Structures are given as structure tokens and as C-alpha cells.
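**Q** File name target17.csv; file contents CSV, C-alpha atoms; full text below.
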chain,number,residue,atom,x,y,z
O,1,MET,CA,-59.6,-68.3,-25.2
O,2,LEU,CA,-56.4,-66.2,-25.3
O,3,GLN,CA,-53.6,-67.4,-23.0
O,4,ILE,CA,-50.3,-65.7,-22.5
O,5,TYR,CA,-47.1,-67.5,-21.4
O,6,PRO,CA,-44.5,-65.0,-20.3
O,7,GLN,CA,-40.9,-66.3,-21.0
O,8,ASP,CA,-38.4,-63.8,-19.8
O,9,GLU,CA,-37.8,-60.0,-19.7
O,10,THR,CA,-39.1,-59.3,-23.3
O,11,PHE,CA,-40.6,-62.5,-24.9
O,12,LEU,CA,-44.0,-64.1,-24.4
O,13,TYR,CA,-46.0,-66.8,-26.2
O,14,VAL,CA,-49.6,-66.1,-27.0
O,15,ARG,CA,-52.0,-69.0,-27.6
O,16,GLY,CA,-55.2,-68.5,-29.5
O,17,ASN,CA,-56.6,-67.8,-32.9
O,18,PRO,CA,-56.1,-64.3,-34.2
O,19,GLU,CA,-58.0,-64.9,-37.4
O,20,SER,CA,-61.2,-66.2,-35.9
O,21,SER,CA,-64.2,-64.2,-35.3
O,22,SER,CA,-64.2,-65.2,-31.7
O,23,GLU,CA,-63.2,-63.1,-28.7
O,24,ASP,CA,-59.5,-63.8,-29.4
O,25,SER,CA,-59.2,-61.6,-32.5
O,26,PRO,CA,-59.5,-58.2,-30.7
O,27,LEU,CA,-57.3,-59.5,-27.9
O,28,PHE,CA,-54.5,-60.2,-30.4
O,29,GLU,CA,-54.9,-56.7,-31.7
O,30,GLN,CA,-54.4,-55.4,-28.2
O,31,VAL,CA,-51.2,-57.4,-27.8
O,32,GLY,CA,-50.0,-56.0,-31.1
O,33,VAL,CA,-50.2,-52.5,-29.7
O,34,PHE,CA,-47.4,-53.1,-27.2
O,35,ALA,CA,-45.6,-56.2,-28.6
O,36,ASP,CA,-44.1,-57.2,-32.0
O,37,ARG,CA,-45.1,-60.6,-33.4
O,38,ARG,CA,-41.8,-62.4,-34.1
O,39,GLN,CA,-42.8,-65.9,-35.0
O,40,THR,CA,-46.0,-67.7,-36.0
O,41,MET,CA,-46.6,-71.4,-35.1
O,42,PRO,CA,-50.4,-71.7,-34.8
O,43,PRO,CA,-51.9,-71.9,-32.3
O,44,LEU,CA,-48.8,-70.3,-30.6
O,45,TYR,CA,-47.4,-66.9,-31.5
O,46,LEU,CA,-44.1,-65.4,-30.2
O,47,TYR,CA,-44.2,-61.7,-29.3
O,48,GLU,CA,-41.4,-59.4,-28.2
O,49,LEU,CA,-42.0,-56.4,-25.9
O,50,SER,CA,-39.8,-54.0,-27.8
O,51,ASN,CA,-39.2,-50.4,-26.7
O,52,GLU,CA,-40.7,-49.1,-29.9
O,53,ARG,CA,-44.0,-51.0,-29.4
O,54,LEU,CA,-44.2,-50.0,-25.8
O,55,TRP,CA,-43.7,-46.4,-26.8
O,56,ASN,CA,-46.4,-46.9,-29.4
O,57,ALA,CA,-48.7,-47.9,-26.6
O,58,CYS,CA,-47.8,-44.7,-24.8
O,59,ARG,CA,-48.6,-42.7,-27.9
O,60,LEU,CA,-52.0,-44.3,-27.9
O,61,GLY,CA,-52.6,-43.4,-24.2
O,62,MET,CA,-51.7,-46.7,-22.5
O,63,THR,CA,-49.7,-46.7,-19.3
O,64,ALA,CA,-47.3,-49.4,-18.0
O,65,ARG,CA,-50.0,-50.3,-15.5
O,66,ASP,CA,-52.5,-50.9,-18.4
O,67,VAL,CA,-50.0,-53.2,-20.2
O,68,ILE,CA,-49.1,-55.2,-17.0
O,69,THR,CA,-52.8,-55.5,-16.0
O,70,PHE,CA,-53.7,-56.9,-19.5
O,71,LEU,CA,-50.8,-59.4,-19.4
O,72,ARG,CA,-51.7,-60.5,-15.8
O,73,ARG,CA,-55.3,-61.0,-16.8
O,74,TYR,CA,-54.4,-63.4,-19.6
O,75,ALA,CA,-51.2,-64.9,-18.2
O,76,ALA,CA,-51.1,-68.6,-17.6
O,77,SER,CA,-48.3,-68.0,-15.0
O,78,PRO,CA,-47.1,-65.0,-13.0
O,79,LEU,CA,-45.3,-62.3,-15.0
O,80,PRO,CA,-41.6,-62.3,-14.3
O,81,THR,CA,-40.4,-59.3,-12.3
O,82,LYS,CA,-37.9,-58.5,-15.0
O,83,MET,CA,-40.7,-58.3,-17.6
O,84,GLN,CA,-42.6,-55.9,-15.4
O,85,ASN,CA,-39.5,-53.8,-14.8
O,86,HIS,CA,-38.7,-53.7,-18.5
O,87,ILE,CA,-42.3,-52.5,-19.3
O,88,CYS,CA,-42.1,-49.8,-16.6
O,89,THR,CA,-38.6,-48.6,-17.6
O,90,ALA,CA,-39.3,-48.5,-21.3
O,91,MET,CA,-42.6,-46.7,-21.0
O,92,GLY,CA,-41.2,-44.4,-18.3
O,93,ARG,CA,-38.6,-43.2,-20.9
O,94,PHE,CA,-41.3,-42.3,-23.4
O,95,GLY,CA,-41.0,-38.6,-24.3
O,96,ASP,CA,-37.6,-38.1,-22.8
O,97,LEU,CA,-36.2,-37.3,-26.2
O,98,ALA,CA,-37.7,-34.8,-28.6
O,99,LEU,CA,-36.4,-33.9,-32.0
O,100,TYR,CA,-37.0,-30.4,-33.4
O,101,GLU,CA,-36.3,-29.0,-36.8
O,102,VAL,CA,-34.0,-26.0,-36.6
O,103,GLU,CA,-34.0,-23.5,-39.4
O,104,GLY,CA,-30.5,-22.9,-40.7
O,105,ASP,CA,-28.9,-19.7,-41.8
Write out the structure in this file as C-alpha cells.
**A**
Amino acid sequence: MLQIYPQDETFLYVRGNPESSSEDSPLFEQVGVFADRRQTMPPLYLYELSNERLWNACRLGMTARDVITFLRRYAASPLPTKMQNHICTAMGRFGDLALYEVEGD
């Protein structure tokens, strides 16, 4: 069974087996949508909640509430307030910047 151990504002440990055919495998894929795997130490995996990955989750239709709900469901301890604030702030900024190609003279 997948278990998440939140560490601070951006890092969390995930315990489970991503390569198994068990229920853990799709859950690891879900974590990978909004967090980057930084270190592998089976059965523990260190993930970072980077802005880029959180924006990726936005592009796929996830909201900050979706991410926080998922983390709370599998967390072995309460999510730090700073982590929840980071998720809400980063995902709230998604779409604030848009780049457009301008035709030159």
C-alpha cells in the first residue's frame, strides 16, 4: 500500500513499489503528474513538488484541491501548512504568463 510522508514545503517520501502490478503502480503514476522523483531508495522514493510539475497537473485538468486531497488520502501524517500553501500558490499562478509569437517587419 502506498504511503506518503510529507517532509516540508516541497519534499515528500513515498513508500511502496512502483514496478509491481499491485495497486501501488497507478498511484505512483499519479504522484508523478504533480511531483518530480528526485531520489530512489526502494521502498522509499523522494519526490519534489516543483512548480513545473504542479503546472503540468494544471494542464491535465487537476486543481490544487485535487492534489491536496490525494496527498491527504495517502499521507501517514498531516500535510504541513507550508506544503498546502505552496501547492495552492504555484497552481494559482498557472496561466499568468503567456508567450505569443509576434511577426516582425
**Q** Suppose you want the space between atom CA of O:Val33 and atom CA of O:Tyr5; what is it in Å?
**A**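 So the answer is 17.4 Å.
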**Q** Any idea what's packed within 12 Å of O:Leu60, counting only C-alpha atoms, ignoring anything in its chain fewer than 5 positions away? Could you give it as a VMD selection string?
**A** chain O and resid 30 33 to 34 53 to 55 66 to 67 91 94
**Q** Would you list the residues near (-52.8, -65.0, -35.5), meaning any protein, DNA or RNA residue with an atom at most 8 Å from that point in file coordinates, counting only C-alpha atoms, as a list of chain:residue names?
**A**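 The residues that fall inside the cut-off are O:Gly16, O:Asn17, O:Pro18, O:Glu19, O:Ser25, O:Phe28, O:Thr40, O:Pro42, O:Pro43, O:Tyr45.
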**Q** Which residues, written as a CSV table (one decimal) with C-alpha atoms, keeping the file's coordinate frame, have at least one atom at most 6 Å from O:Leu46, with all atoms listed in the file counted and residues fewer than 6 positions away on the same chain left out?
**A**
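Listed below is the output, selection.csv:
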chain,number,residue,atom,x,y,z
O,12,LEU,CA,-44.0,-64.1,-24.4
O,13,TYR,CA,-46.0,-66.8,-26.2
O,37,ARG,CA,-45.1,-60.6,-33.4
O,38,ARG,CA,-41.8,-62.4,-34.1
O,39,GLN,CA,-42.8,-65.9,-35.0
**Q** Kindly provide, as JSON, numbers by chain, the polymer residues lying within 12 Å of (-38.2, -49.1, -21.9), counting only C-alpha atoms and using the coordinates exactly as they appear in the file.
**A** {"O": [9, 10, 34, 49, 50, 51, 52, 53, 54, 55, 56, 57, 58, 64, 82, 83, 84, 85, 86, 87, 88, 89, 90, 91, 92, 93, 94, 95, 96]}
**Q** May I ask which of the residues O:Leu27, O:Ala76, O:Val14, O:Met1 is the closest one to O:Tyr47, counting all atoms listed in the file?
**A** O:Val14
**Q** Rank nothing, just name the residue among O:Gly104, O:Leu2, O:Val31, O:Pro26 nearest to O:Ile68, using only C-alpha atoms.
**A**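 Between O:Gly104, O:Leu2, O:Val31, O:Pro26, the residue approaching O:Ile68 most closely is O:Val31.
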**Q** When you draw a straight line from atom CA of O:Arg59 to atom CA of O:Glu103, how long is it in Å?
**A** 26.7 Å
**Q** Using atom CA of O:Arg15 and atom CA of O:Thr63 as the two end points, give the distance in Å to one decimal.
**A**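 Separation between atom CA of O:Arg15 and atom CA of O:Thr63: 23.9 Å.
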**Q** When distances are computed from all atoms listed in the file, which of O:Tyr100, O:Asp36, O:Tyr74, O:Gly61 shows the smallest separation from O:Ile4?
**A**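 Ranked by minimum distance to O:Ile4, first place goes to O:Tyr74.
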**Q** Generate N, CA, C and O atoms for stretch 61-84 of chain O and emit them as a PDB file, keeping the file's coordinate frame.
**A**
ATOM      1  N   GLY O  61     -52.017 -43.717 -25.525  1.00  0.00           N
ATOM      2  CA  GLY O  61     -52.600 -43.400 -24.200  1.00  0.00           C
ATOM      3  C   GLY O  61     -52.559 -44.512 -23.200  1.00  0.00           C
ATOM      4  O   GLY O  61     -53.131 -44.379 -22.120  1.00  0.00           O
ATOM      5  N   MET O  62     -51.853 -45.603 -23.498  1.00  0.00           N
ATOM      6  CA  MET O  62     -51.700 -46.700 -22.500  1.00  0.00           C
ATOM      7  C   MET O  62     -50.598 -46.345 -21.525  1.00  0.00           C
ATOM      8  O   MET O  62     -49.642 -45.643 -21.860  1.00  0.00           O
ATOM      9  N   THR O  63     -50.719 -46.873 -20.327  1.00  0.00           N
ATOM     10  CA  THR O  63     -49.700 -46.700 -19.300  1.00  0.00           C
ATOM     11  C   THR O  63     -49.054 -48.099 -19.056  1.00  0.00           C
ATOM     12  O   THR O  63     -49.581 -49.131 -19.492  1.00  0.00           O
ATOM     13  N   ALA O  64     -47.937 -48.099 -18.340  1.00  0.00           N
ATOM     14  CA  ALA O  64     -47.300 -49.400 -18.000  1.00  0.00           C
ATOM     15  C   ALA O  64     -48.268 -50.219 -17.165  1.00  0.00           C
ATOM     16  O   ALA O  64     -48.345 -51.440 -17.349  1.00  0.00           O
ATOM     17  N   ARG O  65     -49.037 -49.589 -16.305  1.00  0.00           N
ATOM     18  CA  ARG O  65     -50.000 -50.300 -15.500  1.00  0.00           C
ATOM     19  C   ARG O  65     -51.064 -51.004 -16.414  1.00  0.00           C
ATOM     20  O   ARG O  65     -51.460 -52.130 -16.172  1.00  0.00           O
ATOM     21  N   ASP O  66     -51.496 -50.325 -17.479  1.00  0.00           N
ATOM     22  CA  ASP O  66     -52.500 -50.900 -18.400  1.00  0.00           C
ATOM     23  C   ASP O  66     -51.898 -52.174 -19.068  1.00  0.00           C
ATOM     24  O   ASP O  66     -52.581 -53.193 -19.168  1.00  0.00           O
ATOM     25  N   VAL O  67     -50.649 -52.095 -19.519  1.00  0.00           N
ATOM     26  CA  VAL O  67     -50.000 -53.200 -20.200  1.00  0.00           C
ATOM     27  C   VAL O  67     -49.856 -54.395 -19.203  1.00  0.00           C
ATOM     28  O   VAL O  67     -50.208 -55.545 -19.509  1.00  0.00           O
ATOM     29  N   ILE O  68     -49.340 -54.115 -18.026  1.00  0.00           N
ATOM     30  CA  ILE O  68     -49.100 -55.200 -17.000  1.00  0.00           C
ATOM     31  C   ILE O  68     -50.445 -55.780 -16.592  1.00  0.00           C
ATOM     32  O   ILE O  68     -50.549 -57.003 -16.450  1.00  0.00           O
ATOM     33  N   THR O  69     -51.461 -54.974 -16.407  1.00  0.00           N
ATOM     34  CA  THR O  69     -52.800 -55.500 -16.000  1.00  0.00           C
ATOM     35  C   THR O  69     -53.334 -56.416 -17.096  1.00  0.00           C
ATOM     36  O   THR O  69     -53.862 -57.489 -16.796  1.00  0.00           O
ATOM     37  N   PHE O  70     -53.207 -56.019 -18.359  1.00  0.00           N
ATOM     38  CA  PHE O  70     -53.700 -56.900 -19.500  1.00  0.00           C
ATOM     39  C   PHE O  70     -52.921 -58.193 -19.463  1.00  0.00           C
ATOM     40  O   PHE O  70     -53.532 -59.265 -19.571  1.00  0.00           O
ATOM     41  N   LEU O  71     -51.590 -58.132 -19.355  1.00  0.00           N
ATOM     42  CA  LEU O  71     -50.800 -59.400 -19.400  1.00  0.00           C
ATOM     43  C   LEU O  71     -51.138 -60.263 -18.191  1.00  0.00           C
ATOM     44  O   LEU O  71     -51.265 -61.475 -18.346  1.00  0.00           O
ATOM     45  N   ARG O  72     -51.302 -59.687 -17.017  1.00  0.00           N
ATOM     46  CA  ARG O  72     -51.700 -60.500 -15.800  1.00  0.00           C
ATOM     47  C   ARG O  72     -53.018 -61.159 -16.016  1.00  0.00           C
ATOM     48  O   ARG O  72     -53.217 -62.291 -15.584  1.00  0.00           O
ATOM     49  N   ARG O  73     -53.941 -60.450 -16.632  1.00  0.00           N
ATOM     50  CA  ARG O  73     -55.300 -61.000 -16.800  1.00  0.00           C
ATOM     51  C   ARG O  73     -55.299 -62.261 -17.647  1.00  0.00           C
ATOM     52  O   ARG O  73     -56.054 -63.193 -17.389  1.00  0.00           O
ATOM     53  N   TYR O  74     -54.451 -62.308 -18.668  1.00  0.00           N
ATOM     54  CA  TYR O  74     -54.400 -63.400 -19.600  1.00  0.00           C
ATOM     55  C   TYR O  74     -53.261 -64.381 -19.406  1.00  0.00           C
ATOM     56  O   TYR O  74     -53.132 -65.360 -20.139  1.00  0.00           O
ATOM     57  N   ALA O  75     -52.387 -64.090 -18.459  1.00  0.00           N
ATOM     58  CA  ALA O  75     -51.200 -64.900 -18.200  1.00  0.00           C
ATOM     59  C   ALA O  75     -51.534 -66.248 -17.607  1.00  0.00           C
ATOM     60  O   ALA O  75     -52.334 -66.318 -16.677  1.00  0.00           O
ATOM     61  N   ALA O  76     -50.908 -67.288 -18.129  1.00  0.00           N
ATOM     62  CA  ALA O  76     -51.100 -68.600 -17.600  1.00  0.00           C
ATOM     63  C   ALA O  76     -50.184 -68.847 -16.364  1.00  0.00           C
ATOM     64  O   ALA O  76     -50.375 -69.798 -15.613  1.00  0.00           O
ATOM     65  N   SER O  77     -49.206 -67.957 -16.171  1.00  0.00           N
ATOM     66  CA  SER O  77     -48.300 -68.000 -15.000  1.00  0.00           C
ATOM     67  C   SER O  77     -47.970 -66.581 -14.623  1.00  0.00           C
ATOM     68  O   SER O  77     -48.195 -65.660 -15.399  1.00  0.00           O
ATOM     69  N   PRO O  78     -47.425 -66.390 -13.432  1.00  0.00           N
ATOM     70  CA  PRO O  78     -47.100 -65.000 -13.000  1.00  0.00           C
ATOM     71  C   PRO O  78     -46.101 -64.344 -13.950  1.00  0.00           C
ATOM     72  O   PRO O  78     -45.221 -64.992 -14.513  1.00  0.00           O
ATOM     73  N   LEU O  79     -46.271 -63.038 -14.119  1.00  0.00           N
ATOM     74  CA  LEU O  79     -45.300 -62.300 -15.000  1.00  0.00           C
ATOM     75  C   LEU O  79     -43.999 -62.173 -14.233  1.00  0.00           C
ATOM     76  O   LEU O  79     -43.955 -61.830 -13.050  1.00  0.00           O
ATOM     77  N   PRO O  80     -42.906 -62.456 -14.942  1.00  0.00           N
ATOM     78  CA  PRO O  80     -41.600 -62.300 -14.300  1.00  0.00           C
ATOM     79  C   PRO O  80     -41.377 -60.833 -13.891  1.00  0.00           C
ATOM     80  O   PRO O  80     -41.783 -59.902 -14.590  1.00  0.00           O
ATOM     81  N   THR O  81     -40.738 -60.659 -12.775  1.00  0.00           N
ATOM     82  CA  THR O  81     -40.400 -59.300 -12.300  1.00  0.00           C
ATOM     83  C   THR O  81     -39.624 -58.543 -13.297  1.00  0.00           C
ATOM     84  O   THR O  81     -39.851 -57.346 -13.507  1.00  0.00           O
ATOM     85  N   LYS O  82     -38.681 -59.216 -13.973  1.00  0.00           N
ATOM     86  CA  LYS O  82     -37.900 -58.500 -15.000  1.00  0.00           C
ATOM     87  C   LYS O  82     -38.716 -58.005 -16.126  1.00  0.00           C
ATOM     88  O   LYS O  82     -38.430 -56.944 -16.669  1.00  0.00           O
ATOM     89  N   MET O  83     -39.762 -58.732 -16.497  1.00  0.00           N
ATOM     90  CA  MET O  83     -40.700 -58.300 -17.600  1.00  0.00           C
ATOM     91  C   MET O  83     -41.404 -57.022 -17.113  1.00  0.00           C
ATOM     92  O   MET O  83     -41.519 -56.050 -17.857  1.00  0.00           O
ATOM     93  N   GLN O  84     -41.914 -57.042 -15.900  1.00  0.00           N
ATOM     94  CA  GLN O  84     -42.600 -55.900 -15.400  1.00  0.00           C
ATOM     95  C   GLN O  84     -41.700 -54.664 -15.285  1.00  0.00           C
ATOM     96  O   GLN O  84     -42.096 -53.546 -15.630  1.00  0.00           O
TER      97      GLN O  84
END
